[in-house]
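Here is the structure we will look at, set down as C-alpha cells.
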Amino acid sequence: MHPVPPRGNGDSSTTLVVALVVPLQGPAGIFGPSCELAAQLAAEELNAAGGVLDREVRLVTVDGGASPERVAAEVEALVSLRAVDGVVGWHTSAVRQALLPRIAGRVPYVYTAQYEGGERTPGVFLTGETDAAQLLPAMRVLAEATGARRWCTVGNNYVWPRVTARAAQRYVRACGGLVRDEVFVPLGTHEFGPVLRRIERCEADAVLMLLVGDDAARFNRAFAAYGLHQRCLRLSTHMDENILLATGAEAATDGLWATAGFFETLATAESLDFSARYAARFGVEAPVVGSPGESCFEGVRLLAALAERARSLDVRAMCVVGETVSYEGPRGAVRLRGNHLTQRLYLARADAFDFHIVTQL
C-alpha cells in the first residue's frame, strides 16, 4: 500500500482521496500496471478540469492481489482513519466479498471487474460486465457459428468461477448443448496436465475458461502444446490483451474467443481518443489497456459523476441519484441502471496478440 499522509488543517476540504484496490501480485497481478495507469489518467484529467466538488483527486493504491482478509483489513483501516473518501478497483470477487462487511455504507465503493452478478448492496456501484448479459449471448453465437455443443468448464476455485459455472449449465442447455465436465483449480496453478486429460476424455468441443490472469496464460500454453486447439474452442469472459502477450506467440490462439465490454482494438471515436490520450501521457510502450485497465479509468470517472450529481460524497445521497448518473467514457455514453452500469458487449476472436471484434452482443 502506498503511504497516506495524515489529513489536517483543512486537507479534507481540498482533496478527494480514493483507495485504488488493484492486484499487484498473484495471478491477477498481470492487470495491475494498466489498472494503475488508467486510473491515474482519469484522476489527472479530472484535476485538469477543476477536480471533483472543487477538490483535487488523489489515488492511494492498495494491493488487491494479497489475501482477501489482508486487503479488507487495509482498506477498512484507511476508511476508519478517514484517510480515504471512496474505494475504486478491479479485484476478484473474493476480495469484494471480504471488503463489503467492513466498508459498505461508510464510503462509496465502485467495483469495476467483470463478475458473477447479483450484487445489490447499497453504496456499491458496479461498472463491470455480468454473466447474464455477457455469457449466454456469446455462447449462443458460438453454438450457431461453430456447432459447439459439448462444453467443459475450467476455472479457478473461488466464488466467481463457481457461481458462473452454475449459470453456464443453464446457458449451455438453452443453446442446445451440455456441460460434460467441470474442473476447478487453485489460484496460481502451474500444472494443467490432469485438466487437459479430462477435457480430452469428456470429448468437449468447447471450453469455458474461468481462469484469472497468469493462470489463463499458462493454461493457453498447455492447451496448445497438448494439441487441443485443433479441435476445441475456448471462450473466456476474463481475457484481455495482457494475457495474450503472456501466452506468447509460440502458443496457438486458434479458436480462442473472449467477450467483454472493451477491447484495445475497439474502433470507436471514444476508444480511439482514449488510446491516444493514454499513449501521449505514458508512452507507446506503456502496458496495454484491456478491459480491466479501462474499467479502472471508468471507475474513477463514475465515482466523480456520482459525487458531482449528489453534490456530496455521502453514500446515501449517491444512492438516491444513482439512476440519473451518466458520463462519457472510452466506451461512449454510459448510464447506471440500479447500481450496475449499462453497456455494450462484444465478442472477439484472438489472433496472436490482438483481439478482433466479431460482433456486438
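We name chains A, B, ... following the order of the C-alpha cells; residues begin at 1 in each chain, and ligands are numbered from 1 as shown.
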
Residues at most 12 Å from Val22 in chain A, counting only C-alpha atoms, excluding those fewer than 6 positions away in the same chain, as a PyMOL selection string? chain A and resi 1+28-39+59-66+68+71+75+87-92+95-96+111-113+292-293+295-296+299

Contacts of Ala246 in chain A within 9 Å, only C-alpha atoms, excl. fewer than 3 positions in-chain, as a compact mmCIF listing (two decimals) with N, CA and C atoms, in the first residue's frame:
# COMPACT_ATOMS: atom_id res chain seq x y z
N ILE A 30 -0.95 -9.39 -13.35
CA ILE A 30 -0.68 -9.01 -14.72
C ILE A 30 -1.51 -7.80 -15.14
N GLY A 213 -5.90 -14.14 -15.07
CA GLY A 213 -4.56 -13.64 -15.34
C GLY A 213 -3.54 -14.65 -15.80
N ASP A 214 -2.46 -14.79 -15.02
CA ASP A 214 -1.38 -15.69 -15.38
C ASP A 214 -1.84 -17.14 -15.49
N ALA A 217 -3.01 -17.60 -18.97
CA ALA A 217 -1.90 -17.66 -19.93
C ALA A 217 -1.22 -19.02 -19.90
N ARG A 218 -0.98 -19.56 -18.69
CA ARG A 218 -0.34 -20.88 -18.59
C ARG A 218 -1.25 -21.96 -19.16
N GLU A 241 -5.74 -8.30 -23.51
CA GLU A 241 -4.55 -8.35 -24.35
C GLU A 241 -3.28 -8.66 -23.57
N ASN A 242 -3.23 -8.29 -22.30
CA ASN A 242 -2.06 -8.62 -21.49
C ASN A 242 -1.92 -10.13 -21.32
N ILE A 243 -3.03 -10.84 -21.23
CA ILE A 243 -2.96 -12.30 -21.15
C ILE A 243 -2.47 -12.88 -22.47
N ALA A 249 3.70 -15.77 -28.51
CA ALA A 249 3.44 -16.01 -29.93
C ALA A 249 3.57 -17.48 -30.29

For a quick check of understanding, using only C-alpha atoms, which of A:Thr253, A:Asn157, A:Ser67, A:Thr130 has the smallest distance to Leu211 in chain A? A:Asn157

For range 217-334 of chain A versus range 135-153 of chain A, which residues have an atom no more than 9 Å away, and what is each residue's nearest atom pair and distance in Å rounded to one decimal, using only C-alpha atoms, chain-then-number order, as CSV?
residue,atom,partner,partner_atom,distance
A:Cys232,CA,A:Ala148,CA,8.5
A:Leu233,CA,A:Ala148,CA,8.1
A:Leu235,CA,A:Met139,CA,8.3
A:Ser236,CA,A:Leu135,CA,8.9
A:Thr237,CA,A:Leu135,CA,7.2
A:Ala258,CA,A:Ala138,CA,8.6
A:Thr259,CA,A:Ala138,CA,6.9

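Using only C-alpha atoms, the nearest neighbour of Cys319 in chain A within the list A:Val17, A:Val124, A:Leu99, A:Val288 is A:Val124.
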
Which is closer to Ala83 in chain A than all the others in A:Ala43, A:Ala307, A:Ala19, A:Leu126, using only C-alpha atoms? A:Ala19

Within 8 Å of range 79-81 of chain A using only C-alpha atoms, minus same-chain residues under 3 positions, as a tab-separated table (two decimals) with C-alpha atoms, in the first residue's frame:
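This went into result.tsv:
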chain	number	residue	atom	x	y	z
A	75	VAL	CA	-8.94	-0.76	3.26
A	76	GLU	CA	-11.02	-0.81	6.45
A	84	VAL	CA	-9.91	7.95	2.04
A	85	ASP	CA	-13.25	9.21	0.74
A	103	ILE	CA	-16.85	-0.72	4.35
A	106	ARG	CA	-19.38	4.00	5.02
A	107	VAL	CA	-17.83	5.26	1.77

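Using only C-alpha atoms for every distance, the candidate list A:His356, A:Arg277, A:Arg301, A:Arg102 yields A:Arg102 as the residue closest to Ala73 in chain A.
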